[in-house]
$ cat data_24.txt   # compact mmCIF, C-alpha atoms and all ligand atoms
# COMPACT_ATOMS: atom_id res chain seq x y z
CA MET U 187 0.00 0.00 0.00
CA LYS U 188 1.33 3.39 -1.05
CA LEU U 189 0.89 6.53 1.03
CA PRO U 190 -0.67 9.05 0.89
CA ILE U 191 -4.05 7.53 0.06
CA TYR U 192 -6.26 9.52 -2.29
CA LEU U 193 -9.85 9.71 -0.99
CA ASP U 194 -10.95 12.98 -2.57
CA ASN U 195 -12.53 11.67 -5.78
CA HIS U 196 -15.31 14.29 -5.78
CA SER U 197 -12.79 17.04 -6.41
CA THR U 198 -11.07 15.16 -9.21
CA THR U 199 -10.08 11.60 -10.12
CA PRO U 200 -6.80 10.07 -11.24
CA ILE U 201 -6.68 9.41 -14.98
CA ASP U 202 -7.30 5.80 -16.04
CA GLU U 203 -4.29 4.31 -17.91
CA ARG U 204 -6.61 3.22 -20.72
CA VAL U 205 -7.82 6.80 -21.11
CA LEU U 206 -4.27 8.05 -21.34
CA GLU U 207 -3.48 5.40 -23.98
CA ALA U 208 -6.49 6.53 -26.02
CA MET U 209 -5.28 10.14 -25.92
CA LEU U 210 -1.60 9.65 -26.77
CA PRO U 211 -1.87 9.07 -30.55
CA TYR U 212 -3.56 12.47 -30.90
CA LEU U 213 -0.87 14.20 -28.85
CA LYS U 214 1.83 12.61 -31.03
CA GLY U 215 1.63 11.79 -34.75
CA ASN U 216 -2.11 12.36 -35.25
CA PHE U 217 -2.01 16.02 -34.35
CA GLY U 218 -4.19 17.29 -37.19
CA ASN U 219 -6.98 19.85 -36.97
CA PRO U 220 -10.38 18.22 -37.58
CA SER U 221 -11.41 21.33 -39.54
CA SER U 222 -8.64 20.77 -42.11
CA LYS U 223 -10.64 19.22 -44.94
CA GLY U 224 -7.86 18.95 -47.51
CA HIS U 225 -5.48 16.29 -46.16
CA SER U 226 -5.20 13.08 -44.18
CA PHE U 227 -3.97 14.79 -40.96
CA GLY U 228 -7.30 16.58 -40.78
CA TRP U 229 -9.31 13.50 -41.79
CA ILE U 230 -7.77 11.34 -39.07
CA ALA U 231 -8.54 13.96 -36.43
CA GLU U 232 -12.06 14.43 -37.79
CA GLU U 233 -12.63 10.68 -37.67
CA ALA U 234 -11.45 10.55 -34.03
CA VAL U 235 -13.88 13.32 -33.03
CA LYS U 236 -16.72 11.64 -34.94
CA LEU U 237 -16.10 8.34 -33.16
CA ALA U 238 -15.81 10.05 -29.77
CA ARG U 239 -19.10 11.86 -30.35
CA GLU U 240 -20.83 8.57 -31.21
CA ILE U 241 -19.49 6.83 -28.09
CA ILE U 242 -20.46 9.70 -25.79
CA ALA U 243 -23.92 10.10 -27.33
CA GLY U 244 -24.39 6.34 -27.05
CA SER U 245 -23.64 6.35 -23.35
CA PHE U 246 -26.64 8.69 -22.84
CA ASN U 247 -28.79 6.96 -25.49
CA ALA U 248 -28.64 10.26 -27.40
CA LYS U 249 -27.76 11.13 -31.01
CA PRO U 250 -24.23 12.24 -31.98
CA ASP U 251 -25.39 15.69 -33.13
CA GLU U 252 -26.85 16.30 -29.66
CA ILE U 253 -23.34 16.45 -28.13
CA ILE U 254 -21.30 19.70 -28.07
CA PHE U 255 -17.71 19.55 -26.83
CA THR U 256 -16.63 22.14 -24.27
CA GLY U 257 -13.79 22.84 -21.88
CA GLY U 258 -15.49 21.17 -18.89
CA ALA U 259 -18.64 21.23 -16.81
CA THR U 260 -18.26 24.89 -15.82
CA GLU U 261 -18.34 25.89 -19.48
CA SER U 262 -21.21 23.51 -20.25
CA ASN U 263 -23.25 25.01 -17.40
CA ASN U 264 -22.52 28.52 -18.66
CA LEU U 265 -23.43 27.64 -22.25
CA ALA U 266 -26.64 25.86 -21.24
CA ILE U 267 -28.01 28.46 -18.86
CA LYS U 268 -26.85 31.70 -20.51
CA GLY U 269 -27.48 30.19 -23.93
CA ILE U 270 -31.14 29.49 -23.08
CA ALA U 271 -31.58 32.80 -21.26
CA GLU U 272 -30.29 34.78 -24.24
CA ALA U 273 -32.24 32.76 -26.80
CA TYR U 274 -35.66 32.92 -25.13
CA GLY U 275 -35.30 35.49 -22.35
CA ASN U 276 -37.10 38.35 -24.08
CA LYS U 277 -40.41 36.55 -23.44
CA LYS U 278 -39.79 34.61 -20.24
CA LYS U 279 -37.60 35.93 -17.46
CA HIS U 280 -38.13 33.49 -14.58
CA LEU U 281 -35.52 30.80 -13.82
CA ILE U 282 -35.53 28.11 -11.13
CA THR U 283 -32.59 26.37 -9.49
CA CYS U 284 -31.78 25.08 -6.00
CA LYS U 285 -29.62 26.24 -3.10
CA THR U 286 -27.12 23.38 -3.20
CA GLU U 287 -25.95 23.78 -6.81
CA HIS U 288 -22.28 24.03 -7.76
CA PRO U 289 -20.89 27.61 -8.01
CA SER U 290 -20.68 27.22 -11.81
CA VAL U 291 -24.48 27.16 -11.80
CA LEU U 292 -25.22 29.52 -8.90
CA GLU U 293 -22.86 32.22 -10.16
CA VAL U 294 -24.41 32.11 -13.63
CA PHE U 295 -27.83 32.75 -12.07
CA GLU U 296 -26.38 35.59 -9.94
CA TYR U 297 -25.08 37.11 -13.17
CA LEU U 298 -28.39 36.68 -14.97
CA GLN U 299 -30.15 38.41 -12.09
CA THR U 300 -28.14 41.53 -12.93
CA LYS U 301 -29.52 41.22 -16.49
CA GLY U 302 -33.13 41.39 -15.34
CA PHE U 303 -33.94 37.74 -14.75
CA VAL U 304 -35.86 36.65 -11.66
CA ILE U 305 -34.42 33.59 -9.93
CA THR U 306 -36.13 31.16 -7.56
CA TYR U 307 -33.74 29.18 -5.36
CA LEU U 308 -35.52 26.06 -4.14
CA ASP U 309 -34.83 24.87 -0.59
CA VAL U 310 -33.67 21.36 0.14
CA ASP U 311 -34.66 19.12 3.06
CA GLN U 312 -32.26 17.80 5.73
CA HIS U 313 -31.00 15.17 3.27
CA GLY U 314 -30.42 17.64 0.46
CA LEU U 315 -33.46 16.76 -1.67
CA ILE U 316 -35.65 19.35 -3.37
CA SER U 317 -39.41 18.95 -3.15
CA PRO U 318 -41.02 18.16 -6.53
CA ASP U 319 -44.26 19.72 -5.24
CA GLU U 320 -42.47 22.94 -4.39
CA LEU U 321 -40.84 22.89 -7.82
CA SER U 322 -44.19 22.36 -9.46
CA SER U 323 -45.85 25.23 -7.61
CA SER U 324 -42.91 27.57 -8.32
CA ILE U 325 -43.37 27.29 -12.08
CA THR U 326 -45.38 30.13 -13.62
CA ASP U 327 -46.18 31.11 -17.21
CA LYS U 328 -43.04 33.26 -17.09
CA THR U 329 -40.74 30.34 -16.20
CA LEU U 330 -38.18 29.54 -18.88
CA LEU U 331 -35.74 27.06 -17.34
CA VAL U 332 -35.27 24.74 -14.37
CA SER U 333 -31.69 23.77 -13.51
CA ILE U 334 -31.26 21.08 -10.85
CA MET U 335 -28.07 19.06 -10.43
CA ALA U 336 -28.13 15.28 -10.81
CA ALA U 337 -25.97 14.60 -7.75
CA ASN U 338 -24.36 16.91 -5.23
CA ASN U 339 -20.58 17.25 -5.08
CA GLU U 340 -20.41 17.61 -1.28
CA ILE U 341 -23.07 15.33 0.20
CA GLY U 342 -23.72 13.09 -2.81
CA THR U 343 -27.51 13.42 -2.71
CA ILE U 344 -29.14 12.27 -5.96
CA GLN U 345 -32.14 14.37 -6.99
CA PRO U 346 -35.33 12.74 -8.36
CA LEU U 347 -34.43 13.56 -11.98
CA ASN U 348 -37.25 11.63 -13.62
CA LYS U 349 -39.87 13.41 -11.54
CA ILE U 350 -38.26 16.80 -12.16
CA ALA U 351 -38.01 16.18 -15.90
CA HIS U 352 -41.63 15.04 -15.97
CA ILE U 353 -42.86 18.18 -14.20
CA CYS U 354 -40.86 20.40 -16.55
CA LYS U 355 -42.10 18.59 -19.66
CA ASP U 356 -45.67 18.78 -18.38
CA LYS U 357 -45.42 22.54 -17.87
CA GLY U 358 -43.44 23.26 -21.03
CA VAL U 359 -40.30 24.45 -19.23
CA PHE U 360 -36.72 23.60 -20.23
CA PHE U 361 -34.80 21.34 -17.84
CA HIS U 362 -31.01 21.45 -17.47
CA THR U 363 -29.04 19.19 -15.15
CA ASP U 364 -25.42 19.43 -14.03
CA ALA U 365 -24.31 15.79 -14.08
CA ALA U 366 -20.60 16.32 -13.37
CA GLN U 367 -20.72 14.06 -10.29
CA ALA U 368 -23.23 11.62 -11.75
CA THR U 369 -21.60 10.33 -14.95
CA GLY U 370 -20.43 6.77 -14.41
CA LYS U 371 -22.29 6.56 -11.09
CA ILE U 372 -25.95 6.80 -11.97
CA GLU U 373 -27.62 5.75 -15.19
CA LEU U 374 -28.50 8.68 -17.43
CA ASP U 375 -30.62 7.74 -20.43
CA VAL U 376 -32.18 10.74 -22.18
CA LYS U 377 -35.02 8.57 -23.50
CA LYS U 378 -36.02 7.70 -19.91
CA THR U 379 -35.00 10.93 -18.16
CA GLU U 380 -36.25 13.68 -20.40
CA ALA U 381 -33.70 16.33 -19.53
CA ASP U 382 -33.19 18.89 -22.29
CA LEU U 383 -29.62 19.83 -21.41
CA ILE U 384 -26.99 17.81 -19.53
CA SER U 385 -23.55 19.12 -18.48
CA PHE U 386 -20.67 16.79 -17.71
CA ASN U 387 -16.89 16.56 -17.79
CA ALA U 388 -14.10 14.00 -17.95
CA HIS U 389 -12.05 14.65 -14.83
CA LYS U 390 -14.67 13.48 -12.31
CA ASN U 391 -14.82 10.20 -14.20
CA TYR U 392 -11.13 9.14 -14.57
CA GLY U 393 -10.50 11.34 -17.60
CA PRO U 394 -8.42 14.49 -18.13
CA LYS U 395 -9.22 17.93 -16.71
CA GLY U 396 -10.32 20.79 -18.95
CA THR U 397 -12.67 18.83 -21.20
CA GLY U 398 -16.36 18.10 -21.12
CA ALA U 399 -19.53 18.33 -23.14
CA LEU U 400 -23.12 19.47 -23.19
CA PHE U 401 -26.03 17.32 -24.33
CA ILE U 402 -28.60 19.47 -26.13
CA ARG U 403 -31.89 17.83 -27.07
CA LYS U 404 -32.55 18.08 -30.80
CA LYS U 405 -36.18 16.94 -30.95
CA HIS U 406 -39.28 17.38 -28.75
CA PRO U 407 -38.31 20.10 -28.23
CA GLN U 408 -35.58 21.29 -30.55
CA ILE U 409 -33.56 23.66 -28.43
CA LYS U 410 -31.74 26.67 -29.71
CA LEU U 411 -28.97 28.22 -27.68
CA ILE U 412 -27.05 31.45 -28.15
CA ALA U 413 -23.32 30.70 -28.38
CA GLN U 414 -21.08 32.02 -25.63
CA MET U 415 -17.89 31.62 -27.66
CA HIS U 416 -17.68 33.24 -31.10
CA GLY U 417 -15.16 32.46 -33.80
CA GLY U 418 -14.61 29.82 -36.47
CA GLY U 419 -18.05 28.27 -36.10
CA GLN U 420 -17.11 24.81 -34.84
CA GLU U 421 -19.71 22.63 -33.11
CA HIS U 422 -22.62 23.91 -35.24
CA ASN U 423 -21.55 27.45 -34.41
CA LEU U 424 -22.30 26.82 -30.71
CA ARG U 425 -18.72 26.58 -29.47
CA SER U 426 -16.02 28.05 -31.66
CA GLY U 427 -12.42 27.06 -31.20
CA THR U 428 -10.23 24.26 -32.59
CA LEU U 429 -11.45 20.99 -31.11
CA ASN U 430 -9.22 19.49 -28.40
CA VAL U 431 -8.91 16.14 -30.16
CA PRO U 432 -6.74 14.21 -27.62
CA TYR U 433 -8.90 15.30 -24.70
CA ILE U 434 -12.11 14.54 -26.59
CA ALA U 435 -10.74 11.05 -27.30
CA GLY U 436 -9.97 10.78 -23.58
CA LEU U 437 -13.47 11.91 -22.58
CA ALA U 438 -14.97 9.27 -24.88
CA LYS U 439 -12.73 6.50 -23.53
CA ALA U 440 -13.61 7.50 -19.95
CA MET U 441 -17.34 7.35 -20.78
CA GLU U 442 -16.93 4.03 -22.57
CA ILE U 443 -15.10 2.42 -19.63
CA SER U 444 -17.58 3.72 -17.07
CA LYS U 445 -20.45 2.35 -19.16
CA ASP U 446 -18.85 -1.08 -19.77
CA GLU U 447 -17.77 -1.49 -16.14
CA PHE U 448 -20.69 0.30 -14.49
CA GLU U 449 -21.83 -2.63 -12.33
CA THR U 450 -18.47 -3.86 -11.04
CA ASP U 451 -17.07 -0.39 -10.59
CA ASN U 452 -19.97 0.88 -8.52
CA THR U 453 -20.36 -2.36 -6.56
CA ASN U 454 -16.69 -2.25 -5.53
CA ILE U 455 -16.76 1.43 -4.68
CA LYS U 456 -19.98 1.09 -2.68
CA ALA U 457 -18.57 -1.89 -0.74
CA MET U 458 -15.52 0.17 0.28
CA ARG U 459 -17.63 3.22 1.14
CA ASP U 460 -20.16 1.17 3.15
CA LYS U 461 -17.47 -0.61 5.17
CA LEU U 462 -15.69 2.67 5.89
CA GLU U 463 -18.99 4.19 7.00
CA GLN U 464 -19.95 1.19 9.16
CA THR U 465 -16.53 1.02 10.81
CA ILE U 466 -16.53 4.70 11.70
CA PHE U 467 -20.11 4.61 13.02
CA SER U 468 -19.52 1.45 15.07
CA GLN U 469 -16.27 2.70 16.66
CA LEU U 470 -17.14 6.33 17.31
CA ASP U 471 -20.12 8.12 18.76
CA GLY U 472 -21.22 11.66 17.95
CA ILE U 473 -21.04 11.16 14.19
CA LYS U 474 -23.69 12.55 11.86
CA LEU U 475 -24.15 11.33 8.29
CA ASN U 476 -24.80 14.13 5.79
CA GLY U 477 -26.61 13.53 2.51
CA HIS U 478 -29.42 11.11 1.81
CA PRO U 479 -29.07 7.68 3.52
CA GLU U 480 -30.13 5.89 0.28
CA HIS U 481 -30.39 8.33 -2.62
CA ARG U 482 -26.70 9.09 -2.48
CA LEU U 483 -23.71 8.56 -4.78
CA PRO U 484 -22.07 5.18 -4.05
CA ASN U 485 -18.68 6.85 -3.53
CA ASN U 486 -19.74 9.59 -1.12
CA LEU U 487 -19.24 9.73 2.64
CA ASN U 488 -19.80 13.11 4.26
CA ILE U 489 -19.82 13.17 8.06
CA SER U 490 -19.84 15.69 10.90
CA ILE U 491 -17.79 14.66 13.94
CA ASN U 492 -18.88 16.22 17.25
CA GLY U 493 -16.12 18.26 18.88
CA VAL U 494 -13.52 17.59 16.17
CA ARG U 495 -12.65 20.52 13.94
CA ASN U 496 -11.86 19.40 10.39
CA ASP U 497 -8.72 21.55 10.14
CA LEU U 498 -7.27 19.83 13.24
CA LEU U 499 -8.34 16.42 11.96
CA GLN U 500 -6.67 17.03 8.61
CA LEU U 501 -3.42 17.92 10.38
CA GLU U 502 -3.52 14.52 12.08
CA LEU U 503 -4.34 12.71 8.84
CA ASN U 504 -1.36 13.78 6.76
CA ASP U 505 -1.24 10.45 4.90
CA ILE U 506 -4.86 10.60 3.74
CA ALA U 507 -6.20 13.02 1.14
CA LEU U 508 -9.76 13.91 2.04
CA SER U 509 -11.65 17.17 2.01
CA SER U 510 -13.09 19.50 4.61
CA THR U 511 -15.78 20.31 1.98
CA ALA U 512 -14.94 23.99 2.15
CA ALA U 513 -12.04 25.87 3.59
CA CYS U 514 -13.76 27.43 6.55
CA SER U 515 -11.04 27.88 9.10
CA SER U 516 -9.27 30.81 7.48
CA ALA U 517 -10.78 34.26 7.91
CA GLY U 518 -13.01 35.35 5.06
CA ALA U 519 -13.23 31.87 3.54
CA LYS U 520 -16.73 30.94 2.46
CA ARG U 521 -18.65 28.42 4.51
CA SER U 522 -20.24 25.50 2.67
CA HIS U 523 -23.57 26.71 1.26
CA VAL U 524 -24.58 23.05 0.87
CA LEU U 525 -24.14 22.16 4.54
CA GLU U 526 -25.90 25.40 5.48
CA ALA U 527 -28.81 24.52 3.20
CA ILE U 528 -29.33 21.13 4.91
CA GLY U 529 -29.46 22.92 8.26
CA LEU U 530 -26.05 22.26 9.83
CA SER U 531 -24.93 24.74 12.49
CA GLU U 532 -21.82 26.84 11.95
CA GLU U 533 -20.04 24.75 14.57
CA LEU U 534 -20.97 21.43 12.96
CA ILE U 535 -19.90 22.68 9.51
CA LYS U 536 -16.41 23.22 10.96
CA CYS U 537 -16.45 19.58 12.07
CA THR U 538 -17.38 18.09 8.70
CA ILE U 539 -15.29 16.02 6.31
CA ARG U 540 -15.98 14.63 2.85
CA ILE U 541 -14.56 11.33 1.64
CA GLY U 542 -14.80 10.34 -2.02
CA VAL U 543 -13.89 6.72 -2.77
CA GLY U 544 -12.77 5.90 -6.30
CA ARG U 545 -12.06 3.18 -8.84
CA PHE U 546 -8.39 2.97 -7.90
CA ASN U 547 -8.84 2.58 -4.15
CA SER U 548 -8.57 -0.81 -2.46
CA MET U 549 -10.30 -2.23 0.60
CA GLU U 550 -6.89 -2.29 2.25
CA GLU U 551 -6.66 1.48 1.79
CA THR U 552 -10.16 2.27 3.04
CA ASP U 553 -9.62 -0.06 6.05
CA TYR U 554 -6.41 1.79 6.82
CA ALA U 555 -8.18 5.17 6.43
CA ALA U 556 -10.96 4.07 8.80
CA GLY U 557 -8.39 3.12 11.44
CA ARG U 558 -6.49 6.37 11.04
CA ILE U 559 -9.65 8.50 11.25
CA ILE U 560 -10.88 6.69 14.38
CA PHE U 561 -7.48 7.04 16.05
CA ALA U 562 -7.20 10.74 15.17
CA VAL U 563 -10.75 11.54 16.33
CA ASN U 564 -10.14 9.83 19.69
CA LYS U 565 -6.84 11.65 20.08
CA ILE U 566 -8.38 15.07 19.39
CA ARG U 567 -11.35 14.37 21.67
CA GLN U 568 -9.00 13.33 24.50
CA ARG U 569 -7.01 16.52 24.01
CA ASN U 570 -10.27 18.53 24.13
CA THR U 571 -11.24 16.95 27.47
CA HIS U 572 -7.80 17.73 28.83
CA GLU U 573 -8.06 21.35 27.79
CA THR U 574 -11.39 21.83 29.51
CA THR U 575 -10.23 20.00 32.66
CA TYR U 576 -7.09 22.02 33.29
C1 LIG V 601 -16.53 19.64 -10.65
C2 LIG V 601 -17.92 20.10 -10.85
C3 LIG V 601 -18.21 21.11 -11.79
C4 LIG V 601 -17.14 21.84 -12.56
O1 LIG V 601 -16.54 21.03 -13.50
P1 LIG V 601 -15.21 21.48 -14.27
O2 LIG V 601 -15.09 20.49 -15.38
O3 LIG V 601 -14.12 21.39 -13.27
O4 LIG V 601 -15.42 22.86 -14.77
C5 LIG V 601 -19.53 21.47 -11.95
N1 LIG V 601 -20.51 20.88 -11.25
C6 LIG V 601 -20.27 19.91 -10.35
C7 LIG V 601 -21.41 19.28 -9.62
C8 LIG V 601 -18.96 19.49 -10.12
O5 LIG V 601 -18.73 18.54 -9.22
$ encode --input "data_24.txt" --output "structure tokens" --more "lines below"
Ligand SMILES: *Cc1c(COP(=O)(O)O)cnc(C)c1O
Amino acid sequence: MKLPIYLDNHSTTPIDERVLEAMLPYLKGNFGNPSSKGHSFGWIAEEAVKLAREIIAGSFNAKPDEIIFTGGATESNNLAIKGIAEAYGNKKKHLITCKTEHPSVLEVFEYLQTKGFVITYLDVDQHGLISPDELSSSITDKTLLVSIMAANNEIGTIQPLNKIAHICKDKGVFFHTDAAQATGKIELDVKKTEADLISFNAHKNYGPKGTGALFIRKKHPQIKLIAQMHGGGQEHNLRSGTLNVPYIAGLAKAMEISKDEFETDNTNIKAMRDKLEQTIFSQLDGIKLNGHPEHRLPNNLNISINGVRNDLLQLELNDIALSSTAACSSAGAKRSHVLEAIGLSEELIKCTIRIGVGRFNSMEETDYAAGRIIFAVNKIRQRNTHETTY
């Protein structure tokens, strides 16, 4: 077993060797520009992009021309939300999202508010779920778009996407979902879940950083977006810029692997996560599980530990890479809006850690991590008692 152990797979994942192998030819000899129509360098690159688009579309049960390549989920979220707002916003100016979204969604809505849009931020319950009834009653004849994430990056809660999509379809409102944490972990079939726009990336799914895509439904309804990047007219004029062929090949390989190995991958990851969770809960008291007990990503473990500040815990756990969900110890740092939204006190937020198990972890590693966490928590709690006694 090699130290340190990486257990922060919600922030990013290590690249799969097979993904790297799929990328290398396009970083070496096959360096052509897919827009070069006059020679074989261009044709080879164009063929690689075409194949990648088919694989990625296939993994969502979508059509190849419904996939637009971008520079990651942040860009996809921006293109989806601003693109819709600018295309249809002269008639409808009401947008709905929820309080626990990623900043790359929330900040876009903040921006659109300065452009005259009215935003509804739905509450979530103690487990991080929105209420479909509340969503339904928030929609008016001025509502243009609903944007609700598939799964949360801090607490792993999986939203009821089918219900949300159904409500939106029923009321004639566009539905966008940020699926950056969900790809490879929950099934997303656009024939079953009628989302109109889906953002995702490669680096949360064992692919390279700085690449991603946006699914844009082509039929029932056909969606038009206003481009956010202007230039050479690539990607049906929706995202100009020379296509990043090696990274697109990597994104496709990552999606292909996670589709082919969906069952084994998630079963293994869930087994490690569940054992880690059970060990911690059986050995320590004063632990609170954050996120939904069942409707939660199989790799996510987010816990609050009574009396144990996460910054002190992280100092003790220098051989384990986990996350304190948000840097909250330093002055001026923002507290987690997600933990606030599920009702955690300021004190408990400071005592919260997030563990993200991944494909390349082993049971040996998660067993070791459990032991280290339990030891460190006991040590800090003993020190606390000492401090109050003397
Ligand atoms: C990581 C993440 C993003 C941002 O993705 P990038 O590809 O890094 O821009 C957006 N939404 C969620 C839920 C994420 O976890």
$ axis_aligned_box --input "data_24.txt" --around "ligand LIG 601 (chain V)" --padding-each-side "6 Å" --output "AutoDock Vina command-line options"
--center_x -17.8 --center_y 20.7 --center_z -12.3 --size_x 19.3 --size_y 16.3 --size_z 18.2
$ closest_atom_pairs --input "data_24.txt" --of "chain U" --to "ligand LIG 601 (chain V)" --cutoff "6 Å" --atoms "only C-alpha atoms and all ligand atoms" --output "tab-separated table"
residue	atom	partner	partner_atom	distance
U:Gly258	CA	V:LIG601	O2	3.6
U:Ala259	CA	V:LIG601	O2	3.9
U:Thr260	CA	V:LIG601	O4	3.6
U:His288	CA	V:LIG601	N1	5.0
U:Ser290	CA	V:LIG601	C5	5.9
U:Asn338	CA	V:LIG601	C7	5.8
U:Asn339	CA	V:LIG601	O5	4.7
U:Asp364	CA	V:LIG601	N1	5.8
U:Ala366	CA	V:LIG601	C6	4.7
U:Gln367	CA	V:LIG601	O5	5.0
U:Asn387	CA	V:LIG601	O2	4.9
U:Gly396	CA	V:LIG601	O2	6.0
$ atom_distance --input "data_24.txt" --atom1 "CA of Asp446 (chain U)" --atom2 "CA of Phe246 (chain U)"
12.9 Å
$ closest_residue --input "data_24.txt" --among "U:Ala399, U:Ile242, U:Leu206, U:Ala337" --to "Leu429 (chain U)" --atoms "all atoms listed in the file"
U:Ala399
$ residues_near_point --input "data_24.txt" --point "(-26.1, 8.2, -5.9)" --cutoff "12 Å" --atoms "all atoms listed in the file" --output "MDAnalysis selection string"
chainID U and resid 335:347 365 367:374 452 455:456 477:487
$ closest_residue --input "data_24.txt" --among "U:Ile316, U:Ile528, U:Ile473, U:Ile566" --to "Leu503 (chain U)" --atoms "only C-alpha atoms"
U:Ile566
$ atom_distance --input "data_24.txt" --atom1 "CA of Ile253 (chain U)" --atom2 "CA of Ile353 (chain U)"
24.0 Å
$ atom_distance --input "data_24.txt" --atom1 "CA of Gln500 (chain U)" --atom2 "CA of Ala457 (chain U)"
24.2 Å
$ closest_residue --input "data_24.txt" --among "U:Lys357, U:Arg521, U:Lys268, U:Lys390" --to "Ile412 (chain U)" --atoms "only C-alpha atoms"
U:Lys268
